[in-house]
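Quick look at coords-v8.txt (compact mmCIF, C-alpha atoms):
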# COMPACT_ATOMS: atom_id res chain seq x y z
CA MET A 16 -2.82 26.89 -15.12
CA LEU A 17 -5.21 25.33 -12.59
CA GLU A 18 -5.17 21.52 -12.72
CA LYS A 19 -7.48 18.92 -11.15
CA VAL A 20 -5.77 15.80 -9.78
CA THR A 21 -6.98 12.80 -7.78
CA GLY A 22 -5.02 11.98 -4.68
CA PHE A 23 -4.47 11.15 -1.02
CA ILE A 24 -2.73 13.42 1.46
CA VAL A 25 0.16 11.31 2.73
CA SER A 26 1.60 13.74 5.28
CA SER A 27 1.80 17.40 6.19
CA MET A 28 4.37 19.77 7.66
CA ASP A 29 3.85 23.19 9.22
CA TYR A 30 5.03 26.11 7.14
CA ARG A 31 5.11 29.46 8.86
CA GLU A 32 2.14 30.27 11.09
CA THR A 33 -0.89 29.34 9.00
CA SER A 34 0.30 27.27 6.07
CA LEU A 35 1.09 23.61 5.40
CA ILE A 36 3.34 21.77 3.00
CA LEU A 37 1.48 18.63 1.96
CA LYS A 38 2.78 15.42 0.47
CA VAL A 39 0.06 14.23 -1.90
CA PHE A 40 0.10 10.90 -3.71
CA THR A 41 -1.68 11.58 -7.00
CA LYS A 42 -2.92 9.48 -9.88
CA GLU A 43 -1.58 11.94 -12.45
CA HIS A 44 1.86 12.90 -11.11
CA GLY A 45 2.78 10.40 -8.41
CA LEU A 46 4.10 11.79 -5.14
CA ILE A 47 4.19 15.58 -5.15
CA SER A 48 4.69 18.45 -2.68
CA VAL A 49 1.95 21.07 -2.40
CA ILE A 50 1.75 24.23 -0.33
CA GLY A 51 -1.59 25.07 1.24
CA LYS A 52 -1.37 28.75 1.98
CA GLY A 53 -3.29 29.82 5.06
CA VAL A 54 -5.07 26.47 5.43
CA LYS A 55 -4.36 26.28 9.18
CA SER A 56 -6.29 29.48 9.78
CA LEU A 57 -9.57 29.00 11.67
CA LYS A 58 -11.34 30.91 8.92
CA SER A 59 -9.92 28.85 6.06
CA PRO A 60 -12.49 26.69 4.22
CA LEU A 61 -9.64 24.24 3.50
CA ARG A 62 -8.72 23.66 7.15
CA ALA A 63 -10.79 20.47 7.44
CA LEU A 64 -9.95 19.38 3.88
CA THR A 65 -6.18 19.22 4.29
CA LEU A 66 -5.91 16.65 7.06
CA PRO A 67 -3.75 13.53 6.65
CA TYR A 68 -5.31 10.80 4.45
CA THR A 69 -7.84 13.13 2.85
CA TYR A 70 -8.97 11.49 -0.39
CA GLY A 71 -10.32 13.73 -3.10
CA TYR A 72 -9.84 15.97 -6.07
CA PHE A 73 -7.12 18.56 -5.54
CA TYR A 74 -7.22 21.74 -7.58
CA LEU A 75 -3.75 23.17 -7.79
CA TYR A 76 -1.25 25.12 -9.79
CA TYR A 77 0.99 22.20 -10.60
CA LYS A 78 4.73 22.73 -10.96
CA GLU A 79 6.79 19.75 -12.03
CA ASN A 80 9.59 18.96 -9.54
CA LYS A 81 8.68 22.09 -7.59
CA LEU A 82 6.25 23.13 -4.88
CA SER A 83 2.74 23.21 -6.34
CA ILE A 84 0.11 25.58 -4.94
CA LEU A 85 -3.20 24.30 -3.57
CA LYS A 86 -6.34 26.16 -4.57
CA ASP A 87 -9.23 23.90 -3.50
CA VAL A 88 -10.23 20.34 -2.52
CA ASP A 89 -13.32 18.26 -3.25
CA ILE A 90 -13.73 15.18 -1.06
CA LEU A 91 -14.29 12.02 -3.09
CA ASP A 92 -15.00 9.82 -0.09
CA PRO A 93 -14.75 10.89 3.58
CA LEU A 94 -13.67 7.34 4.53
CA PHE A 95 -15.72 7.53 7.73
CA LYS A 96 -15.22 3.87 8.69
CA ILE A 97 -11.44 4.24 8.57
CA HIS A 98 -11.25 7.58 10.38
CA GLU A 99 -13.47 6.33 13.21
CA ASP A 100 -11.34 3.25 13.97
CA LEU A 101 -7.79 3.50 15.34
CA THR A 102 -6.76 0.13 13.93
CA LEU A 103 -8.06 0.91 10.44
CA LEU A 104 -6.44 4.34 10.61
CA SER A 105 -3.14 2.64 11.45
CA TYR A 106 -3.53 0.39 8.42
CA MET A 107 -4.26 3.50 6.32
CA ASN A 108 -1.05 5.01 7.67
CA TYR A 109 0.84 1.88 6.63
CA PHE A 110 -0.73 1.77 3.17
CA VAL A 111 0.24 5.35 2.29
CA ASP A 112 3.70 4.92 3.82
CA PHE A 113 4.20 1.67 1.91
CA VAL A 114 3.16 2.90 -1.53
CA SER A 115 5.03 6.18 -1.06
CA GLN A 116 8.28 4.36 -0.37
CA VAL A 117 7.77 1.88 -3.18
CA TYR A 118 7.01 4.80 -5.51
CA LYS A 119 10.29 6.48 -4.58
CA GLU A 120 12.08 3.30 -5.68
CA SER A 121 10.05 2.47 -8.79
CA GLU A 122 7.99 5.54 -9.86
CA ASN A 123 5.35 3.08 -11.03
CA SER A 124 2.07 4.91 -11.78
CA TYR A 125 0.03 1.74 -11.10
CA LEU A 126 0.72 2.23 -7.39
CA PHE A 127 -2.00 4.85 -7.09
CA ASP A 128 -4.63 2.43 -8.39
CA LEU A 129 -3.45 -0.20 -5.91
CA LEU A 130 -3.62 2.25 -3.01
CA GLN A 131 -7.01 3.58 -4.03
CA SER A 132 -8.53 0.10 -4.39
CA ALA A 133 -7.08 -1.16 -1.10
CA VAL A 134 -8.22 1.86 0.90
CA LEU A 135 -11.75 1.74 -0.49
CA LYS A 136 -12.00 -1.98 0.27
CA VAL A 137 -10.89 -1.39 3.87
CA ASN A 138 -13.52 1.33 4.17
CA GLU A 139 -16.11 -1.17 2.90
CA GLY A 140 -15.19 -3.54 5.74
CA PHE A 141 -12.77 -5.96 4.10
CA ASP A 142 -9.90 -7.40 6.16
CA PRO A 143 -7.05 -4.83 6.13
CA ALA A 144 -4.43 -7.45 7.07
CA VAL A 145 -5.19 -9.49 3.96
CA LEU A 146 -5.29 -6.37 1.78
CA SER A 147 -1.90 -5.42 3.21
CA SER A 148 -0.47 -8.77 2.06
CA ILE A 149 -2.01 -8.34 -1.39
CA LEU A 150 -0.37 -4.93 -1.75
CA GLU A 151 2.99 -6.31 -0.67
CA ILE A 152 2.82 -9.24 -3.09
CA LYS A 153 1.87 -7.03 -6.02
CA CYS A 154 4.66 -4.54 -5.35
CA LEU A 155 7.55 -7.00 -5.21
CA PRO A 156 8.09 -7.01 -9.02
CA MET A 157 8.22 -3.18 -8.98
CA LEU A 158 11.20 -3.44 -6.64
CA GLY A 159 12.93 -6.03 -8.79
CA VAL A 160 12.45 -8.88 -6.32
CA GLY A 161 9.26 -10.52 -7.58
CA LEU A 162 8.48 -14.09 -6.63
CA SER A 163 8.24 -16.88 -9.22
CA LEU A 164 4.72 -18.18 -8.55
CA ASP A 165 3.69 -19.87 -11.81
CA ALA A 166 5.92 -22.95 -11.62
CA CYS A 167 8.85 -24.48 -9.75
CA ILE A 168 11.68 -21.98 -9.84
CA ASN A 169 14.25 -24.72 -10.44
CA CYS A 170 12.76 -27.08 -13.01
CA GLY A 171 9.68 -25.22 -14.28
CA SER A 172 7.24 -27.95 -13.30
CA GLN A 173 3.71 -26.94 -12.36
CA LYS A 174 2.97 -30.28 -10.70
CA GLU A 175 3.42 -31.39 -7.08
CA ILE A 176 4.30 -27.93 -5.75
CA VAL A 177 5.19 -28.40 -2.07
CA THR A 178 6.39 -25.04 -0.75
CA LEU A 179 7.45 -21.44 -1.31
CA ASP A 180 11.11 -20.66 -0.65
CA ALA A 181 12.44 -17.18 0.15
CA ASP A 182 16.07 -18.10 -0.55
CA GLN A 183 15.30 -19.13 -4.12
CA GLY A 184 12.48 -16.64 -4.63
CA GLY A 185 9.67 -18.88 -5.70
CA LEU A 186 7.83 -22.19 -5.67
CA LEU A 187 9.48 -25.57 -5.27
CA CYS A 188 8.12 -28.89 -6.50
CA LYS A 189 8.49 -32.25 -4.78
CA LYS A 190 11.42 -33.22 -6.98
CA CYS A 191 13.40 -30.05 -6.19
CA TYR A 192 12.54 -29.89 -2.49
CA ARG A 193 15.58 -30.08 -0.15
CA ASN A 194 14.24 -29.69 3.40
CA GLU A 195 13.12 -26.06 2.93
CA LYS A 196 10.41 -24.70 5.27
CA ILE A 197 7.00 -26.06 4.31
CA TYR A 198 4.17 -23.55 3.92
CA HIS A 199 0.51 -24.44 4.10
CA PRO A 200 -0.99 -25.29 0.67
CA GLU A 201 -3.58 -22.54 1.20
CA THR A 202 -0.80 -19.98 1.73
CA ILE A 203 0.84 -20.99 -1.54
CA LYS A 204 -2.50 -20.89 -3.35
CA LEU A 205 -3.23 -17.37 -2.07
CA PHE A 206 0.22 -16.06 -2.99
CA ARG A 207 -0.41 -17.18 -6.56
CA LEU A 208 -3.94 -15.78 -6.59
CA PHE A 209 -3.06 -12.42 -5.03
CA GLN A 210 -0.33 -11.76 -7.57
CA TYR A 211 -2.99 -11.37 -10.27
CA VAL A 212 -6.23 -10.44 -8.47
CA ASP A 213 -7.83 -7.06 -9.17
CA ILE A 214 -8.34 -5.59 -5.70
CA ALA A 215 -11.25 -3.46 -6.88
CA LYS A 216 -13.16 -6.59 -7.92
CA ILE A 217 -12.75 -8.53 -4.67
CA THR A 218 -16.10 -9.52 -3.19
CA LYS A 219 -14.98 -11.91 -0.44
CA LEU A 220 -11.94 -12.22 1.83
CA ASN A 221 -12.33 -14.93 4.45
CA ILE A 222 -8.82 -16.10 5.30
CA LYS A 223 -7.95 -18.21 8.35
CA LYS A 224 -5.89 -16.51 11.04
CA GLU A 225 -2.97 -18.97 10.78
CA ILE A 226 -2.77 -18.41 7.01
CA LYS A 227 -2.75 -14.63 7.46
CA LYS A 228 0.08 -14.99 9.99
CA GLU A 229 2.09 -17.21 7.69
CA MET A 230 1.72 -14.83 4.75
CA ASP A 231 2.59 -11.79 6.84
CA LEU A 232 5.69 -13.41 8.35
CA PHE A 233 6.98 -14.52 4.95
CA LEU A 234 6.42 -11.10 3.40
CA SER A 235 7.87 -9.15 6.33
CA ASN A 236 11.04 -11.24 6.24
CA TYR A 237 11.26 -11.12 2.45
CA TYR A 238 10.92 -7.33 2.31
CA SER A 239 13.45 -6.89 5.08
CA ARG A 240 15.92 -9.22 3.41
CA TYR A 241 15.67 -8.15 -0.23
CA THR A 242 14.38 -4.58 -0.47
CA GLY A 243 16.24 -2.67 2.25
CA ILE A 244 13.10 -0.61 2.88
CA TYR A 245 12.07 -0.14 6.51
CA PHE A 246 8.41 0.50 7.28
CA GLY A 247 8.12 1.93 10.78
CA SER A 248 4.37 2.22 10.27
CA LYS A 249 4.12 -1.58 10.01
CA GLU A 250 6.09 -2.11 13.20
CA PHE A 251 3.67 0.23 14.99
CA LEU A 252 0.75 -1.64 13.46
CA LYS A 253 2.02 -4.94 14.83
CA LYS A 254 2.16 -3.47 18.32
CA ILE A 255 -1.43 -2.27 18.38
CA LYS A 256 -2.99 -5.07 16.31
CA PRO A 257 -1.00 -8.32 16.25
CA LEU A 258 -2.37 -10.87 13.79

Target format structure tokens, applied to this file:
Amino acid sequence: MLEKVTGFIVSSMDYRETSLILKVFTKEHGLISVIGKGVKSLKSPLRALTLPYTYGYFYLYYKENKLSILKDVDILDPLFKIHEDLTLLSYMNYFVDFVSQVYKESENSYLFDLLQSAVLKVNEGFDPAVLSSILEIKCLPMLGVGLSLDACINCGSQKEIVTLDADQGGLLCKKCYRNEKIYHPETIKLFRLFQYVDIAKITKLNIKKEIKKEMDLFLSNYYSRYTGIYFGSKEFLKKIKPL
């Protein structure tokens, strides 16, 4: 039975002379494999619709845990701003790589909504580096290593919070502080805010460069230390667009 799903093409692999096997991250079924028969042919109407990061409706014969068959694609948004900018395209590459790997660990269906909202905000012109940090903060609980950001992780106090500590996994108040690294108050405030913010409803993202750097460094180290997931796409991103 033909099914309509919403998704992003994450990657593609050649299959025989004219076909592709696509990895598609979908709202309905998560990360699935789809064969596009003959889509590489010059005469195929799907040739331009099966490129990496295509965002649209995919009409396919869905087969659970098997190779689904692609029938047609309707573009939801061509994402022109992203596809015309190498840096934004690199962030797009990181976003789909990131959520795909987190999905493999958690199979959390909310990941599609996060990806969709973040990509659309980047295409609207919002800062991709900040959106990257928001994604990373929101996905930590899905990997079982969420930060405690509502109160001091030791005593539960919500007063006189002085820093965020990776070793203990959360906030520390003045009373519990023992010479841990001090983070800027704005960094701590944003970590707490970004844990709950609805990306789709963001209307303003003006974050100072030093705060973005501090957030990114903390998150990169935290992911490396506690998740065991390596994101080569982020390492590439740092080379072409350092914060």

Quick one: residues within 9 Å of A:Gly140, all atoms listed in the file counted, chain neighbours fewer than 4 positions away excluded, as a ChimeraX atom specification?
/A:96,135-136

Let's have the selection written as an mmCIF file, in the frame of the given file, with C-alpha atoms.
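Okay, this is what ended up in result.cif:
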data_model
loop_
_atom_site.group_PDB
_atom_site.id
_atom_site.type_symbol
_atom_site.label_atom_id
_atom_site.label_comp_id
_atom_site.auth_asym_id
_atom_site.auth_seq_id
_atom_site.Cartn_x
_atom_site.Cartn_y
_atom_site.Cartn_z
ATOM 1 C CA LYS A 96 -15.220 3.870 8.690
ATOM 2 C CA LEU A 135 -11.750 1.740 -0.490
ATOM 3 C CA LYS A 136 -12.000 -1.980 0.270
#

Between atom CA of A:Lys196 and atom CA of A:Lys223 lies a distance of 19.7 Å

Set the distance at 10 Å and use only C-alpha atoms: which residues neighbour stretch 68-77 of chain A once local chain neighbours fewer than 6 positions away are removed? I'd like the list as JSON, numbers by chain.
{"A": [16, 17, 18, 19, 20, 21, 22, 23, 24, 25, 26, 27, 39, 40, 41, 44, 47, 48, 49, 50, 51, 83, 84, 85, 86, 87, 88, 89, 90, 91, 92, 93, 94, 97, 98, 104, 107, 108, 111, 131, 134]}

Convert the current residue selection to file output with C-alpha atoms, as an mmCIF file, keeping the file's coordinate frame.
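See result-v4.cif below for the written result:
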data_model
loop_
_atom_site.group_PDB
_atom_site.id
_atom_site.type_symbol
_atom_site.label_atom_id
_atom_site.label_comp_id
_atom_site.auth_asym_id
_atom_site.auth_seq_id
_atom_site.Cartn_x
_atom_site.Cartn_y
_atom_site.Cartn_z
ATOM 1 C CA MET A 16 -2.820 26.890 -15.120
ATOM 2 C CA LEU A 17 -5.210 25.330 -12.590
ATOM 3 C CA GLU A 18 -5.170 21.520 -12.720
ATOM 4 C CA LYS A 19 -7.480 18.920 -11.150
ATOM 5 C CA VAL A 20 -5.770 15.800 -9.780
ATOM 6 C CA THR A 21 -6.980 12.800 -7.780
ATOM 7 C CA GLY A 22 -5.020 11.980 -4.680
ATOM 8 C CA PHE A 23 -4.470 11.150 -1.020
ATOM 9 C CA ILE A 24 -2.730 13.420 1.460
ATOM 10 C CA VAL A 25 0.160 11.310 2.730
ATOM 11 C CA SER A 26 1.600 13.740 5.280
ATOM 12 C CA SER A 27 1.800 17.400 6.190
ATOM 13 C CA VAL A 39 0.060 14.230 -1.900
ATOM 14 C CA PHE A 40 0.100 10.900 -3.710
ATOM 15 C CA THR A 41 -1.680 11.580 -7.000
ATOM 16 C CA HIS A 44 1.860 12.900 -11.110
ATOM 17 C CA ILE A 47 4.190 15.580 -5.150
ATOM 18 C CA SER A 48 4.690 18.450 -2.680
ATOM 19 C CA VAL A 49 1.950 21.070 -2.400
ATOM 20 C CA ILE A 50 1.750 24.230 -0.330
ATOM 21 C CA GLY A 51 -1.590 25.070 1.240
ATOM 22 C CA SER A 83 2.740 23.210 -6.340
ATOM 23 C CA ILE A 84 0.110 25.580 -4.940
ATOM 24 C CA LEU A 85 -3.200 24.300 -3.570
ATOM 25 C CA LYS A 86 -6.340 26.160 -4.570
ATOM 26 C CA ASP A 87 -9.230 23.900 -3.500
ATOM 27 C CA VAL A 88 -10.230 20.340 -2.520
ATOM 28 C CA ASP A 89 -13.320 18.260 -3.250
ATOM 29 C CA ILE A 90 -13.730 15.180 -1.060
ATOM 30 C CA LEU A 91 -14.290 12.020 -3.090
ATOM 31 C CA ASP A 92 -15.000 9.820 -0.090
ATOM 32 C CA PRO A 93 -14.750 10.890 3.580
ATOM 33 C CA LEU A 94 -13.670 7.340 4.530
ATOM 34 C CA ILE A 97 -11.440 4.240 8.570
ATOM 35 C CA HIS A 98 -11.250 7.580 10.380
ATOM 36 C CA LEU A 104 -6.440 4.340 10.610
ATOM 37 C CA MET A 107 -4.260 3.500 6.320
ATOM 38 C CA ASN A 108 -1.050 5.010 7.670
ATOM 39 C CA VAL A 111 0.240 5.350 2.290
ATOM 40 C CA GLN A 131 -7.010 3.580 -4.030
ATOM 41 C CA VAL A 134 -8.220 1.860 0.900
#

Nearest candidate to A:Gly53 (options A:Gln116, A:Ser132, A:Thr33, A:Asn80; using all atoms listed in the file)
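For A:Gly53, the nearest of the given residues is A:Thr33.
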
Polymer residues at most 10 Å from A:Cys154, all atoms listed in the file, same-chain spacing of 3 or more positions, as a PDB file with C-alpha atoms, keeping the file's coordinate frame:
ATOM      1  CA  PHE A 113       4.200   1.670   1.910  1.00  0.00           C
ATOM      2  CA  VAL A 114       3.160   2.900  -1.530  1.00  0.00           C
ATOM      3  CA  VAL A 117       7.770   1.880  -3.180  1.00  0.00           C
ATOM      4  CA  TYR A 118       7.010   4.800  -5.510  1.00  0.00           C
ATOM      5  CA  SER A 121      10.050   2.470  -8.790  1.00  0.00           C
ATOM      6  CA  ASN A 123       5.350   3.080 -11.030  1.00  0.00           C
ATOM      7  CA  TYR A 125       0.030   1.740 -11.100  1.00  0.00           C
ATOM      8  CA  LEU A 126       0.720   2.230  -7.390  1.00  0.00           C
ATOM      9  CA  LEU A 129      -3.450  -0.200  -5.910  1.00  0.00           C
ATOM     10  CA  SER A 148      -0.470  -8.770   2.060  1.00  0.00           C
ATOM     11  CA  ILE A 149      -2.010  -8.340  -1.390  1.00  0.00           C
ATOM     12  CA  LEU A 150      -0.370  -4.930  -1.750  1.00  0.00           C
ATOM     13  CA  GLU A 151       2.990  -6.310  -0.670  1.00  0.00           C
ATOM     14  CA  MET A 157       8.220  -3.180  -8.980  1.00  0.00           C
ATOM     15  CA  LEU A 158      11.200  -3.440  -6.640  1.00  0.00           C
ATOM     16  CA  GLY A 159      12.930  -6.030  -8.790  1.00  0.00           C
ATOM     17  CA  VAL A 160      12.450  -8.880  -6.320  1.00  0.00           C
ATOM     18  CA  GLY A 161       9.260 -10.520  -7.580  1.00  0.00           C
ATOM     19  CA  GLN A 210      -0.330 -11.760  -7.570  1.00  0.00           C
TER      20      GLN A 210
END

Restricting the calculation to all atoms listed in the file: of A:Leu232, A:Leu46, A:Val212, A:Val54, which residue gets closest to A:Phe127?
A:Leu46

Proximity to A:Glu99 - best of A:Thr178, A:Asn138, A:Ser172, A:Ser124, all atoms listed in the file:
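Going through A:Thr178, A:Asn138, A:Ser172, A:Ser124 one by one, the smallest distance to A:Glu99 is for A:Asn138.
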
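Atom pair atom CA of A:Glu195 / atom CA of A:Asp180: separated by 6.8 Å.
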
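Proximity ranking of A:Arg207, A:Lys189, A:Lys55, A:Lys216 relative to A:Lys174 places A:Lys189 first, based on all atoms listed in the file.
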
Just give me the gap between atom CA of A:Asp213 and atom CA of A:Lys42 in Å, one decimal is fine.
17.3 Å

So which one's closest to A:Ser147, A:Glu43, A:Asp100, A:Asp231, A:Glu175? Using only C-alpha atoms, please.
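The answer is A:Asp231, which sits nearest to A:Ser147.
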
Just want the 12 Å neighbourhood of A:Lys228, counted on only C-alpha atoms, with same-chain residues fewer than 6 positions away dropped. Output as a ChimeraX atom specification.
/A:144-145,147-148,198-199,202,222,234-235,253,257-258

Set the distance at 9 Å and use all atoms listed in the file: which residues neighbour A:Leu162 once local chain neighbours fewer than 4 positions away are removed? I'd like the list as a PDB file with C-alpha atoms, in the coordinates of the input.
ATOM      1  CA  ILE A 152       2.820  -9.240  -3.090  1.00  0.00           C
ATOM      2  CA  LEU A 155       7.550  -7.000  -5.210  1.00  0.00           C
ATOM      3  CA  PRO A 156       8.090  -7.010  -9.020  1.00  0.00           C
ATOM      4  CA  ALA A 181      12.440 -17.180   0.150  1.00  0.00           C
ATOM      5  CA  GLN A 183      15.300 -19.130  -4.120  1.00  0.00           C
ATOM      6  CA  GLY A 184      12.480 -16.640  -4.630  1.00  0.00           C
ATOM      7  CA  GLY A 185       9.670 -18.880  -5.700  1.00  0.00           C
ATOM      8  CA  LEU A 186       7.830 -22.190  -5.670  1.00  0.00           C
TER       9      LEU A 186
END
